[in-house]
Number of protein chains: 2
Amino acid sequence: MRDVSIIGIGQTPVGEHWERSLRHLAYDAVAAAMSDAGIEHADAMYVGNMMSGEISGQSHLGALIADFAGLRGIEAVKVEAACASGAAAVRAGYTAVASGLRDIVICVGVEKMTDDVSSKLTSSLAQAADTDYEGAHGISFVALNALLMCRYMYEYDVSHEDFAGFSINAHANAVGNPNAMFRRPITLEAFKRAGMVADPINLLDSSPMADGAAALVLCPWDRAREFSDKAVRIAGSAMATDCLSIHDRHDPLWLQASEDSAGHAYLQAGVGPADIDLFELHDAFTVMAALSLEGAGFAERGEGWQLAANGDIRPDGHIPVCTMGGLKARGHPVGATGTYQIVEAVQQLRGAAGECQIPNARLAMTQNIGGSGATIVTHILTNDE
Amino acid sequence: MRDVSIIGIGQTPVGEHWERSLRHLAYDAVAAAMSDAGIEHADAMYVGNMMSGEISGQSHLGALIADFAGLRGIEAVKVEAACASGAAAVRAGYTAVASGLRDIVICVGVEKMTDDVSSKLTSSLAQAADTDYEGAHGISFVALNALLMCRYMYEYDVSHEDFAGFSINAHANAVGNPNAMFRRPITLEAFKRAGMVADPINLLDSSPMADGAAALVLCPWDRAREFSDKAVRIAGSAMATDCLSIHDRHDPLWLQASEDSAGHAYLQAGVGPADIDLFELHDAFTVMAALSLEGAGFAERGEGWQLAANGDIRPDGHIPVCTMGGLKARGHPVGATGTYQIVEAVQQLRGAAGECQIPNARLAMTQNIGGSGATIVTHILTNDE
């Protein structure tokens with residue numbers, strides 16, 4: 001297998017894009033990434049998306065977006081793993097380049113959630129869970145996460161307020177990210193007072209639905225210099241799954257797929273948690289941030305929340321997370337989130353993260369979670385040669 | 001890149017499976033394929049499916065089906081390319097094994113179309129076309145194909161009856177396939193008298209909606225003998241795309257992606273159309289069978305229908321097609337069709353096709369078409385070592 005580099009990145013601002021359709025958003029990100037890489041053609045495209053069928057009435061995104069991006073005829077396909085679709089598309093692209101099958105590959109995550117004319121968004125998001133055994137009871141996706149958060153608070157004797165640091169950090173970081181949806185800080189008081197969504201998850205525990213697209217251009221590591229002097233190498237790439245239903249897990253408070261995918265990525269990269277300079281984790285809800293930190297080895301079981309409470313996740317902490325705002329404040333266009341995380345990690349490793357820059361970042365990790373942890377994709381990126 | 005072999009196959013009968021859900025169908029096919037390969041574990045799973053979100057309210061099939069098949073934890077993801085999703089999943093599995101990333105991979109196509117409680121099937125199928133520019137006019141997928149068939153009949157001065165051979169051959173072949181949906185022959189008279197669906201496409205030009213799942217186990221060619229003495233090698237694998245909208249094509253009667261993907265597959269396999277012993281083509285509608293034969297080089301432009309009219313596509317003809325019934329008579333569970341085609345090609349190359357057996361089959365080709373030709377995936381299989 002060949003080493004793989006990222007030689008181009010592109011993204012749209014995350015937000016409500018009433019004037020841009022699904023294909024336009026994808027085009028904007030792809031065109032920016034191709035321009036960044038200085039390429040005019042590509043060999044293949046992998047599109048990460050969850051709900052285009054339900055919300056936009058459009059399947060068959062591979063051919064659609066490849067054509068609309070001016071790449072008619074190339075191999076192109078959609079990859080779906082619920083909220084982990086974006087990173088799953090990057091992993092598909094990584095595999096194609098690593099195999100020797102393809103040289104120049106574009107991975108684009110795109111989601112258009114505001115065109116929800118049939119009010120199907122809540123039911124569509126619940127499709128990330130087990131429809132027959134969870135959804136059948138009428139439970140929404142946020143309610144499933146609320147059950148997890150309840151259990152976390154009970155088992156580990158922590159309060160709702162103990163999660164505040166995740167959201168406060170995310171919002172503080174988003175201020176410096178021109179592509180973030182919510183570029184304003186929040187206070188502890190605001191976090192405590194926010195309206196309830198599904199007890200104990202309130203509005204400021206929750207990432208917002210949004211439109212957006214983010215894209216990457218991959219090529220073999222030994223060709224990266226042809227295109228870019230700021231290429232970033234994919235040192236580790238791994239995907240693992242778990243059962244879809246939370247009630248089927250041995251321990252609902254342990255993300256086995258986080259441990260497994262992070263473990264494989266660490267092994268491939270030859271590093272461990274202590275070596276990681278920043279971690280773009282999947283803070284769809286604050287409890288998921290805590291569980292992700294634990295699963296990936298940054299905290300002991302039941303102690304992930306402490307990294308937020310004591311400031312360790314802030315830009316000057318031991319393990320900065322959500323450095324560009326995370327899902328909470330950059331926004332969570334579901335199938336695009338995984339590509340946003342990787343694009344932002346590349347920005348950090350290039351030293352091009354502006355006000356969000358983590359000084360001397362050399363190793364960045366991303367973890368994209370599908371459903372309540374049933375698919376987890378971990379990538380480790382480095383600017384070391 | 002490593003050579004890749006198919007060491008196990010499994011399939012459910014195609015039909016209306018009121019007693020089996022999406023996950024059960026997938027399980028049945030996967031369990032059969034694993035048993036056939038003599039394996040109890042796999043490294044990764046690629047699920048081909050188009051419309052589980054719309055029809056079954058279930059996204060996130062990778063984790064769901066891997067877990068339900070007893071493979072909790074492995075890498076698993078859904079691949080979607082409309083009606084070409086099945087072969088696209090096989091191509092994803094092929095890439096993973098060829099790369100050296102994975103050794104034992106399961107590819108499963110599954111579609112559950114009968115649980116259409118919201119009557120969304122027709123609109124869901126239309127999502128294979130361009131929703132904004134084709135679907136917006138209210139055109140259904142069969143109507144799009146009817147426009148193509150009209151144009152074909154006009155340009156090449158052929159009659160509706162000239163297409164009859166495709167359906168008659170498919171139904172005749174399905175009689176010998178215990179997994180086919182319609183195991184009964186049809187006559188020319190029946191073809192001519194069949195009820196109109198979208199002029200000029202009538203019921204016997206059209207493949208039926210159905211439930212079904214088909215699965216394959218892949219491994220590196222140099223390990224195939226560990227598992228099976230009837231392994232089949234993937235000699236060529238290629239995917240190409242075209243624009244989604246027919247009106248955007250330079251020539252609506254030419255499947256450029258058929259020519260491109262077949263061309264790449266021929267090149268990789270080092271063979272040409274004259275070497276192919278049987279061709280499992282995508283006869284969703286009779287006109288698509290004619291266009292596929294032309295695009296893949298078995299007939300000149302405008303002459304694909306002649307192969308049906310003169311019997312060349314029959315089991316004893318120059319290029320047998322739809323040897324197990326094709327989409328027309330085996331049935332067309334959309335996202336599973338591509339895997340059924342490849343499973344059937346393996347049956348032929350193993351000499352295990354029963355009454356459908358093509359004598360001395362050495363090279364089999366499959367072509368799976370998404371939309372009206374916007375994604376086309378071609379595989380060439382061989383039992384030569």
# chains A, B, ... in the order shown; residues from 1 in each chain; ligands from 1
>>> residues_around(residues="Arg362 of chain B", least_positions_apart="3", cutoff="9 Å", atoms="only C-alpha atoms", output="ChimeraX atom specification")
/B:275-278,348-349,381-384
>>> interface_residues(of="chain A", to="chain B", cutoff="7 Å", atoms="only C-alpha atoms", output="PDB file with N, CA, C and O atoms, in the first residue's frame")
ATOM      1  N   MET A   1       0.831  -1.207   0.000  1.00  0.00           N
ATOM      2  CA  MET A   1       0.000   0.000   0.000  1.00  0.00           C
ATOM      3  C   MET A   1       0.868   1.259   0.000  1.00  0.00           C
ATOM      4  O   MET A   1       1.916   1.292   0.602  1.00  0.00           O
ATOM      5  N   GLY A  53     -31.507  11.727  -0.265  1.00  0.00           N
ATOM      6  CA  GLY A  53     -32.733  11.091  -0.752  1.00  0.00           C
ATOM      7  C   GLY A  53     -33.955  11.603  -0.020  1.00  0.00           C
ATOM      8  O   GLY A  53     -34.947  12.016  -0.637  1.00  0.00           O
ATOM      9  N   GLU A  54     -33.888  11.629   1.284  1.00  0.00           N
ATOM     10  CA  GLU A  54     -35.034  12.035   2.102  1.00  0.00           C
ATOM     11  C   GLU A  54     -35.332  13.529   1.962  1.00  0.00           C
ATOM     12  O   GLU A  54     -36.488  13.934   1.887  1.00  0.00           O
ATOM     13  N   GLY A  57     -34.711  14.687  -2.254  1.00  0.00           N
ATOM     14  CA  GLY A  57     -35.295  13.833  -3.288  1.00  0.00           C
ATOM     15  C   GLY A  57     -34.293  13.420  -4.347  1.00  0.00           C
ATOM     16  O   GLY A  57     -34.640  13.173  -5.497  1.00  0.00           O
ATOM     17  N   GLN A  58     -33.029  13.307  -3.957  1.00  0.00           N
ATOM     18  CA  GLN A  58     -31.981  13.040  -4.938  1.00  0.00           C
ATOM     19  C   GLN A  58     -31.048  11.948  -4.440  1.00  0.00           C
ATOM     20  O   GLN A  58     -30.320  12.152  -3.468  1.00  0.00           O
ATOM     21  N   SER A  59     -31.094  10.803  -5.092  1.00  0.00           N
ATOM     22  CA  SER A  59     -30.052   9.803  -4.900  1.00  0.00           C
ATOM     23  C   SER A  59     -29.024  10.005  -6.012  1.00  0.00           C
ATOM     24  O   SER A  59     -29.093  10.983  -6.743  1.00  0.00           O
ATOM     25  N   HIS A  60     -28.066   9.088  -6.110  1.00  0.00           N
ATOM     26  CA  HIS A  60     -27.147   9.068  -7.250  1.00  0.00           C
ATOM     27  C   HIS A  60     -26.222  10.290  -7.256  1.00  0.00           C
ATOM     28  O   HIS A  60     -25.960  10.895  -8.313  1.00  0.00           O
ATOM     29  N   GLY A  62     -22.991  10.543  -6.700  1.00  0.00           N
ATOM     30  CA  GLY A  62     -21.650  10.413  -7.275  1.00  0.00           C
ATOM     31  C   GLY A  62     -21.591  11.008  -8.666  1.00  0.00           C
ATOM     32  O   GLY A  62     -20.842  11.970  -8.929  1.00  0.00           O
ATOM     33  N   ALA A  63     -22.400  10.467  -9.567  1.00  0.00           N
ATOM     34  CA  ALA A  63     -22.421  10.957 -10.944  1.00  0.00           C
ATOM     35  C   ALA A  63     -22.857  12.420 -10.992  1.00  0.00           C
ATOM     36  O   ALA A  63     -22.299  13.224 -11.750  1.00  0.00           O
ATOM     37  N   LEU A  64     -23.842  12.781 -10.178  1.00  0.00           N
ATOM     38  CA  LEU A  64     -24.371  14.147 -10.208  1.00  0.00           C
ATOM     39  C   LEU A  64     -23.293  15.172  -9.884  1.00  0.00           C
ATOM     40  O   LEU A  64     -23.105  16.158 -10.610  1.00  0.00           O
ATOM     41  N   ASP A  67     -20.207  15.309 -12.330  1.00  0.00           N
ATOM     42  CA  ASP A  67     -20.549  16.039 -13.557  1.00  0.00           C
ATOM     43  C   ASP A  67     -20.640  17.540 -13.296  1.00  0.00           C
ATOM     44  O   ASP A  67     -20.082  18.347 -14.035  1.00  0.00           O
ATOM     45  N   ARG A  72     -17.153  15.114 -15.595  1.00  0.00           N
ATOM     46  CA  ARG A  72     -18.024  14.107 -16.196  1.00  0.00           C
ATOM     47  C   ARG A  72     -17.229  12.892 -16.664  1.00  0.00           C
ATOM     48  O   ARG A  72     -16.213  13.031 -17.336  1.00  0.00           O
ATOM     49  N   GLY A  73     -17.708  11.727 -16.285  1.00  0.00           N
ATOM     50  CA  GLY A  73     -17.124  10.490 -16.790  1.00  0.00           C
ATOM     51  C   GLY A  73     -16.269   9.747 -15.790  1.00  0.00           C
ATOM     52  O   GLY A  73     -16.095   8.535 -15.915  1.00  0.00           O
ATOM     53  N   ILE A  74     -15.744  10.441 -14.779  1.00  0.00           N
ATOM     54  CA  ILE A  74     -14.853   9.756 -13.841  1.00  0.00           C
ATOM     55  C   ILE A  74     -15.634   8.803 -12.945  1.00  0.00           C
ATOM     56  O   ILE A  74     -16.838   8.934 -12.777  1.00  0.00           O
ATOM     57  N   GLU A  75     -14.907   7.866 -12.359  1.00  0.00           N
ATOM     58  CA  GLU A  75     -15.518   7.019 -11.324  1.00  0.00           C
ATOM     59  C   GLU A  75     -15.997   7.908 -10.192  1.00  0.00           C
ATOM     60  O   GLU A  75     -15.243   8.769  -9.704  1.00  0.00           O
ATOM     61  N   ALA A  76     -17.243   7.716  -9.762  1.00  0.00           N
ATOM     62  CA  ALA A  76     -17.784   8.546  -8.691  1.00  0.00           C
ATOM     63  C   ALA A  76     -18.904   7.791  -8.009  1.00  0.00           C
ATOM     64  O   ALA A  76     -19.749   7.182  -8.671  1.00  0.00           O
ATOM     65  N   VAL A  77     -18.929   7.846  -6.694  1.00  0.00           N
ATOM     66  CA  VAL A  77     -19.908   7.057  -5.954  1.00  0.00           C
ATOM     67  C   VAL A  77     -20.175   7.712  -4.608  1.00  0.00           C
ATOM     68  O   VAL A  77     -19.341   8.442  -4.085  1.00  0.00           O
ATOM     69  N   LYS A  78     -21.373   7.480  -4.089  1.00  0.00           N
ATOM     70  CA  LYS A  78     -21.714   7.981  -2.758  1.00  0.00           C
ATOM     71  C   LYS A  78     -21.415   6.917  -1.706  1.00  0.00           C
ATOM     72  O   LYS A  78     -21.661   5.730  -1.919  1.00  0.00           O
ATOM     73  N   VAL A  79     -20.912   7.376  -0.565  1.00  0.00           N
ATOM     74  CA  VAL A  79     -20.611   6.507   0.563  1.00  0.00           C
ATOM     75  C   VAL A  79     -21.439   7.001   1.737  1.00  0.00           C
ATOM     76  O   VAL A  79     -21.476   8.201   2.008  1.00  0.00           O
ATOM     77  N   GLU A  80     -22.125   6.094   2.418  1.00  0.00           N
ATOM     78  CA  GLU A  80     -23.015   6.528   3.508  1.00  0.00           C
ATOM     79  C   GLU A  80     -22.804   5.705   4.771  1.00  0.00           C
ATOM     80  O   GLU A  80     -22.792   4.471   4.728  1.00  0.00           O
ATOM     81  N   ALA A  81     -22.586   6.376   5.858  1.00  0.00           N
ATOM     82  CA  ALA A  81     -22.492   5.737   7.173  1.00  0.00           C
ATOM     83  C   ALA A  81     -23.108   6.693   8.187  1.00  0.00           C
ATOM     84  O   ALA A  81     -22.486   7.057   9.180  1.00  0.00           O
ATOM     85  N   ALA A  82     -24.336   7.137   7.878  1.00  0.00           N
ATOM     86  CA  ALA A  82     -25.057   8.102   8.712  1.00  0.00           C
ATOM     87  C   ALA A  82     -24.165   9.330   8.951  1.00  0.00           C
ATOM     88  O   ALA A  82     -23.576   9.847   8.005  1.00  0.00           O
ATOM     89  N   THR A  95      -8.385   4.561   0.430  1.00  0.00           N
ATOM     90  CA  THR A  95      -8.204   3.181  -0.019  1.00  0.00           C
ATOM     91  C   THR A  95      -7.884   3.124  -1.510  1.00  0.00           C
ATOM     92  O   THR A  95      -7.009   2.367  -1.939  1.00  0.00           O
ATOM     93  N   ALA A  96      -8.582   3.935  -2.277  1.00  0.00           N
ATOM     94  CA  ALA A  96      -8.359   3.929  -3.734  1.00  0.00           C
ATOM     95  C   ALA A  96      -6.947   4.396  -4.080  1.00  0.00           C
ATOM     96  O   ALA A  96      -6.300   3.840  -4.972  1.00  0.00           O
ATOM     97  N   ALA A  98      -4.279   4.487  -1.868  1.00  0.00           N
ATOM     98  CA  ALA A  98      -3.318   3.574  -1.244  1.00  0.00           C
ATOM     99  C   ALA A  98      -3.144   2.314  -2.076  1.00  0.00           C
ATOM    100  O   ALA A  98      -2.059   1.746  -2.156  1.00  0.00           O
ATOM    101  N   SER A  99      -4.223   1.888  -2.720  1.00  0.00           N
ATOM    102  CA  SER A  99      -4.195   0.646  -3.497  1.00  0.00           C
ATOM    103  C   SER A  99      -3.361   0.752  -4.764  1.00  0.00           C
ATOM    104  O   SER A  99      -2.956  -0.250  -5.323  1.00  0.00           O
ATOM    105  N   GLY A 100      -3.163   1.985  -5.239  1.00  0.00           N
ATOM    106  CA  GLY A 100      -2.531   2.149  -6.533  1.00  0.00           C
ATOM    107  C   GLY A 100      -3.541   2.253  -7.660  1.00  0.00           C
ATOM    108  O   GLY A 100      -3.188   2.473  -8.813  1.00  0.00           O
ATOM    109  N   GLN A 127     -32.911   7.825  11.380  1.00  0.00           N
ATOM    110  CA  GLN A 127     -32.511   6.669  10.575  1.00  0.00           C
ATOM    111  C   GLN A 127     -31.068   6.259  10.838  1.00  0.00           C
ATOM    112  O   GLN A 127     -30.628   5.201  10.390  1.00  0.00           O
ATOM    113  N   ALA A 128     -30.314   7.109  11.541  1.00  0.00           N
ATOM    114  CA  ALA A 128     -28.953   6.733  11.948  1.00  0.00           C
ATOM    115  C   ALA A 128     -28.988   5.682  13.038  1.00  0.00           C
ATOM    116  O   ALA A 128     -28.017   4.971  13.262  1.00  0.00           O
ATOM    117  N   THR A 131     -34.025   1.643  13.195  1.00  0.00           N
ATOM    118  CA  THR A 131     -35.415   2.036  12.967  1.00  0.00           C
ATOM    119  C   THR A 131     -36.400   1.008  13.535  1.00  0.00           C
ATOM    120  O   THR A 131     -37.406   1.370  14.140  1.00  0.00           O
ATOM    121  N   MET A 239     -11.699   2.515  10.282  1.00  0.00           N
ATOM    122  CA  MET A 239     -13.138   2.537  10.532  1.00  0.00           C
ATOM    123  C   MET A 239     -13.505   1.289  11.328  1.00  0.00           C
ATOM    124  O   MET A 239     -12.994   0.205  11.060  1.00  0.00           O
ATOM    125  N   ALA A 240     -14.371   1.470  12.308  1.00  0.00           N
ATOM    126  CA  ALA A 240     -14.893   0.320  13.044  1.00  0.00           C
ATOM    127  C   ALA A 240     -16.381   0.531  13.268  1.00  0.00           C
ATOM    128  O   ALA A 240     -16.876   1.661  13.220  1.00  0.00           O
ATOM    129  N   THR A 241     -17.096  -0.556  13.503  1.00  0.00           N
ATOM    130  CA  THR A 241     -18.538  -0.456  13.743  1.00  0.00           C
ATOM    131  C   THR A 241     -18.892  -1.080  15.095  1.00  0.00           C
ATOM    132  O   THR A 241     -18.073  -1.730  15.735  1.00  0.00           O
ATOM    133  N   ASP A 242     -20.120  -0.854  15.487  1.00  0.00           N
ATOM    134  CA  ASP A 242     -20.691  -1.465  16.684  1.00  0.00           C
ATOM    135  C   ASP A 242     -22.152  -1.751  16.344  1.00  0.00           C
ATOM    136  O   ASP A 242     -22.609  -1.432  15.245  1.00  0.00           O
ATOM    137  N   CYS A 243     -22.899  -2.328  17.259  1.00  0.00           N
ATOM    138  CA  CYS A 243     -24.307  -2.542  16.953  1.00  0.00           C
ATOM    139  C   CYS A 243     -25.022  -1.194  16.892  1.00  0.00           C
ATOM    140  O   CYS A 243     -24.622  -0.226  17.536  1.00  0.00           O
ATOM    141  N   LEU A 244     -26.079  -1.160  16.094  1.00  0.00           N
ATOM    142  CA  LEU A 244     -26.788   0.095  15.882  1.00  0.00           C
ATOM    143  C   LEU A 244     -27.561   0.494  17.136  1.00  0.00           C
ATOM    144  O   LEU A 244     -27.586   1.659  17.527  1.00  0.00           O
ATOM    145  N   ALA A 257     -16.368   1.255  19.152  1.00  0.00           N
ATOM    146  CA  ALA A 257     -15.857   1.576  17.809  1.00  0.00           C
ATOM    147  C   ALA A 257     -14.893   2.752  17.850  1.00  0.00           C
ATOM    148  O   ALA A 257     -14.048   2.904  16.963  1.00  0.00           O
ATOM    149  N   ALA A 374     -22.267   3.688  16.260  1.00  0.00           N
ATOM    150  CA  ALA A 374     -22.261   2.425  15.523  1.00  0.00           C
ATOM    151  C   ALA A 374     -21.229   2.401  14.398  1.00  0.00           C
ATOM    152  O   ALA A 374     -20.791   1.335  13.981  1.00  0.00           O
ATOM    153  N   THR A 375     -20.881   3.564  13.876  1.00  0.00           N
ATOM    154  CA  THR A 375     -19.771   3.645  12.922  1.00  0.00           C
ATOM    155  C   THR A 375     -18.850   4.758  13.385  1.00  0.00           C
ATOM    156  O   THR A 375     -19.322   5.887  13.607  1.00  0.00           O
TER     157      THR A 375
END
>>> residues_around(residues="Tyr156 of chain B", least_positions_apart="2", cutoff="12 Å", atoms="only C-alpha atoms", output="list in words")
Leu148, Met149, Cys150, Arg151, Tyr152, Met153, Tyr154, Val158, Ser159, His160, Asp162, Leu253, Ala290, Glu300, Arg301, Gly302, Glu303, Gly304, Trp305 and Gln306 of chain B
>>> select_by_dssp(residues="segment 9-158 of chain B", states="strand (DSSP E or B)", output="PyMOL selection string")
chain B and resi 9-11+15+44-48+75-81+83+105-111
>>> write_last_selection(atoms="N, CA and C atoms", output="PDB file, in the first residue's frame")
ATOM      1  N   ILE B   9     -20.442 -17.279  -2.655  1.00  0.00           N
ATOM      2  CA  ILE B   9     -21.616 -16.567  -3.152  1.00  0.00           C
ATOM      3  C   ILE B   9     -22.858 -17.014  -2.383  1.00  0.00           C
ATOM      4  N   GLY B  10     -23.807 -16.101  -2.273  1.00  0.00           N
ATOM      5  CA  GLY B  10     -25.072 -16.429  -1.629  1.00  0.00           C
ATOM      6  C   GLY B  10     -26.162 -15.521  -2.159  1.00  0.00           C
ATOM      7  N   GLN B  11     -27.381 -16.012  -2.176  1.00  0.00           N
ATOM      8  CA  GLN B  11     -28.478 -15.176  -2.666  1.00  0.00           C
ATOM      9  C   GLN B  11     -29.791 -15.668  -2.081  1.00  0.00           C
ATOM     10  N   GLY B  15     -38.149 -11.873  -5.136  1.00  0.00           N
ATOM     11  CA  GLY B  15     -39.612 -11.913  -5.117  1.00  0.00           C
ATOM     12  C   GLY B  15     -40.175 -10.953  -4.098  1.00  0.00           C
ATOM     13  N   ALA B  44     -14.142  -6.840   6.454  1.00  0.00           N
ATOM     14  CA  ALA B  44     -14.902  -5.644   6.105  1.00  0.00           C
ATOM     15  C   ALA B  44     -16.115  -6.040   5.285  1.00  0.00           C
ATOM     16  N   MET B  45     -17.109  -5.154   5.277  1.00  0.00           N
ATOM     17  CA  MET B  45     -18.331  -5.401   4.520  1.00  0.00           C
ATOM     18  C   MET B  45     -18.742  -4.133   3.765  1.00  0.00           C
ATOM     19  N   TYR B  46     -19.117  -4.301   2.507  1.00  0.00           N
ATOM     20  CA  TYR B  46     -19.592  -3.198   1.690  1.00  0.00           C
ATOM     21  C   TYR B  46     -21.013  -3.525   1.245  1.00  0.00           C
ATOM     22  N   VAL B  47     -21.942  -2.648   1.605  1.00  0.00           N
ATOM     23  CA  VAL B  47     -23.359  -2.895   1.375  1.00  0.00           C
ATOM     24  C   VAL B  47     -23.850  -2.022   0.223  1.00  0.00           C
ATOM     25  N   GLY B  48     -24.365  -2.646  -0.803  1.00  0.00           N
ATOM     26  CA  GLY B  48     -24.971  -1.919  -1.915  1.00  0.00           C
ATOM     27  C   GLY B  48     -26.470  -1.828  -1.704  1.00  0.00           C
ATOM     28  N   GLU B  75     -15.127  -3.088   9.896  1.00  0.00           N
ATOM     29  CA  GLU B  75     -15.384  -1.967   8.994  1.00  0.00           C
ATOM     30  C   GLU B  75     -16.555  -2.337   8.099  1.00  0.00           C
ATOM     31  N   ALA B  76     -17.533  -1.426   8.001  1.00  0.00           N
ATOM     32  CA  ALA B  76     -18.712  -1.707   7.183  1.00  0.00           C
ATOM     33  C   ALA B  76     -19.333  -0.395   6.757  1.00  0.00           C
ATOM     34  N   VAL B  77     -19.729  -0.311   5.502  1.00  0.00           N
ATOM     35  CA  VAL B  77     -20.231   0.956   4.984  1.00  0.00           C
ATOM     36  C   VAL B  77     -21.168   0.686   3.815  1.00  0.00           C
ATOM     37  N   LYS B  78     -22.101   1.596   3.604  1.00  0.00           N
ATOM     38  CA  LYS B  78     -23.005   1.493   2.455  1.00  0.00           C
ATOM     39  C   LYS B  78     -22.443   2.285   1.281  1.00  0.00           C
ATOM     40  N   VAL B  79     -22.613   1.722   0.101  1.00  0.00           N
ATOM     41  CA  VAL B  79     -22.181   2.355  -1.141  1.00  0.00           C
ATOM     42  C   VAL B  79     -23.421   2.525  -2.013  1.00  0.00           C
ATOM     43  N   GLU B  80     -23.620   3.711  -2.554  1.00  0.00           N
ATOM     44  CA  GLU B  80     -24.844   3.948  -3.331  1.00  0.00           C
ATOM     45  C   GLU B  80     -24.541   4.606  -4.669  1.00  0.00           C
ATOM     46  N   ALA B  81     -25.041   4.027  -5.706  1.00  0.00           N
ATOM     47  CA  ALA B  81     -24.949   4.606  -7.042  1.00  0.00           C
ATOM     48  C   ALA B  81     -26.249   4.266  -7.774  1.00  0.00           C
ATOM     49  N   CYS B  83     -29.256   2.448  -9.201  1.00  0.00           N
ATOM     50  CA  CYS B  83     -29.454   1.054  -9.586  1.00  0.00           C
ATOM     51  C   CYS B  83     -28.129   0.307  -9.758  1.00  0.00           C
ATOM     52  N   VAL B 105     -13.323  -9.981   2.507  1.00  0.00           N
ATOM     53  CA  VAL B 105     -14.309  -8.904   2.397  1.00  0.00           C
ATOM     54  C   VAL B 105     -15.633  -9.476   1.912  1.00  0.00           C
ATOM     55  N   ILE B 106     -16.716  -8.974   2.483  1.00  0.00           N
ATOM     56  CA  ILE B 106     -18.050  -9.368   2.027  1.00  0.00           C
ATOM     57  C   ILE B 106     -18.713  -8.189   1.321  1.00  0.00           C
ATOM     58  N   CYS B 107     -19.249  -8.448   0.146  1.00  0.00           N
ATOM     59  CA  CYS B 107     -20.019  -7.441  -0.581  1.00  0.00           C
ATOM     60  C   CYS B 107     -21.446  -7.965  -0.684  1.00  0.00           C
ATOM     61  N   VAL B 108     -22.381  -7.155  -0.241  1.00  0.00           N
ATOM     62  CA  VAL B 108     -23.779  -7.611  -0.274  1.00  0.00           C
ATOM     63  C   VAL B 108     -24.661  -6.495  -0.828  1.00  0.00           C
ATOM     64  N   GLY B 109     -25.462  -6.845  -1.790  1.00  0.00           N
ATOM     65  CA  GLY B 109     -26.472  -5.918  -2.289  1.00  0.00           C
ATOM     66  C   GLY B 109     -27.817  -6.345  -1.736  1.00  0.00           C
ATOM     67  N   VAL B 110     -28.596  -5.377  -1.290  1.00  0.00           N
ATOM     68  CA  VAL B 110     -29.906  -5.718  -0.721  1.00  0.00           C
ATOM     69  C   VAL B 110     -30.898  -4.620  -1.040  1.00  0.00           C
ATOM     70  N   GLU B 111     -32.108  -5.006  -1.387  1.00  0.00           N
ATOM     71  CA  GLU B 111     -33.181  -4.020  -1.564  1.00  0.00           C
ATOM     72  C   GLU B 111     -34.489  -4.648  -1.113  1.00  0.00           C
TER      73      GLU B 111
END
>>> residues_around(residues="Leu25 of chain B", least_positions_apart="2", cutoff="12 Å", atoms="only C-alpha atoms", output="MDAnalysis selection string")
chainID B and resid 10:23 27:32 65 68:69 108:113 210:215 333 336
>>> write_last_selection(atoms="C-alpha atoms", output="mmCIF file, in the first residue's frame")
data_model
loop_
_atom_site.group_PDB
_atom_site.id
_atom_site.type_symbol
_atom_site.label_atom_id
_atom_site.label_comp_id
_atom_site.auth_asym_id
_atom_site.auth_seq_id
_atom_site.Cartn_x
_atom_site.Cartn_y
_atom_site.Cartn_z
ATOM 1 C CA GLY B 10 -25.072 -16.429 -1.629
ATOM 2 C CA GLN B 11 -28.478 -15.176 -2.666
ATOM 3 C CA THR B 12 -32.092 -15.144 -1.625
ATOM 4 C CA PRO B 13 -34.790 -15.931 -4.142
ATOM 5 C CA VAL B 14 -35.982 -12.704 -5.776
ATOM 6 C CA GLY B 15 -39.612 -11.913 -5.117
ATOM 7 C CA GLU B 16 -42.011 -10.421 -2.633
ATOM 8 C CA HIS B 17 -40.622 -11.319 0.774
ATOM 9 C CA TRP B 18 -43.367 -10.142 3.077
ATOM 10 C CA GLU B 19 -42.007 -12.263 5.894
ATOM 11 C CA ARG B 20 -38.399 -11.029 5.730
ATOM 12 C CA SER B 21 -37.191 -7.513 6.467
ATOM 13 C CA LEU B 22 -34.276 -5.681 4.862
ATOM 14 C CA ARG B 23 -31.826 -6.941 7.464
ATOM 15 C CA TYR B 27 -28.402 -11.792 6.513
ATOM 16 C CA ASP B 28 -29.696 -14.698 4.439
ATOM 17 C CA ALA B 29 -27.430 -13.808 1.525
ATOM 18 C CA VAL B 30 -24.380 -13.067 3.686
ATOM 19 C CA ALA B 31 -24.740 -16.265 5.728
ATOM 20 C CA ALA B 32 -25.042 -18.312 2.538
ATOM 21 C CA ILE B 65 -26.012 -5.539 8.485
ATOM 22 C CA PHE B 68 -26.918 -8.646 12.204
ATOM 23 C CA ALA B 69 -24.692 -11.025 10.245
ATOM 24 C CA VAL B 108 -23.779 -7.611 -0.274
ATOM 25 C CA GLY B 109 -26.472 -5.918 -2.289
ATOM 26 C CA VAL B 110 -29.906 -5.718 -0.721
ATOM 27 C CA GLU B 111 -33.181 -4.020 -1.564
ATOM 28 C CA LYS B 112 -36.552 -4.278 0.130
ATOM 29 C CA MET B 113 -39.160 -2.702 -2.129
ATOM 30 C CA ALA B 210 -38.731 -6.977 -6.053
ATOM 31 C CA ASP B 211 -37.062 -7.801 -2.749
ATOM 32 C CA GLY B 212 -33.794 -9.652 -2.625
ATOM 33 C CA ALA B 213 -30.195 -9.824 -1.520
ATOM 34 C CA ALA B 214 -27.078 -11.351 -3.015
ATOM 35 C CA ALA B 215 -23.623 -11.514 -1.466
ATOM 36 C CA PRO B 333 -34.305 -5.543 -6.456
ATOM 37 C CA ALA B 336 -29.050 -5.855 -5.124
#
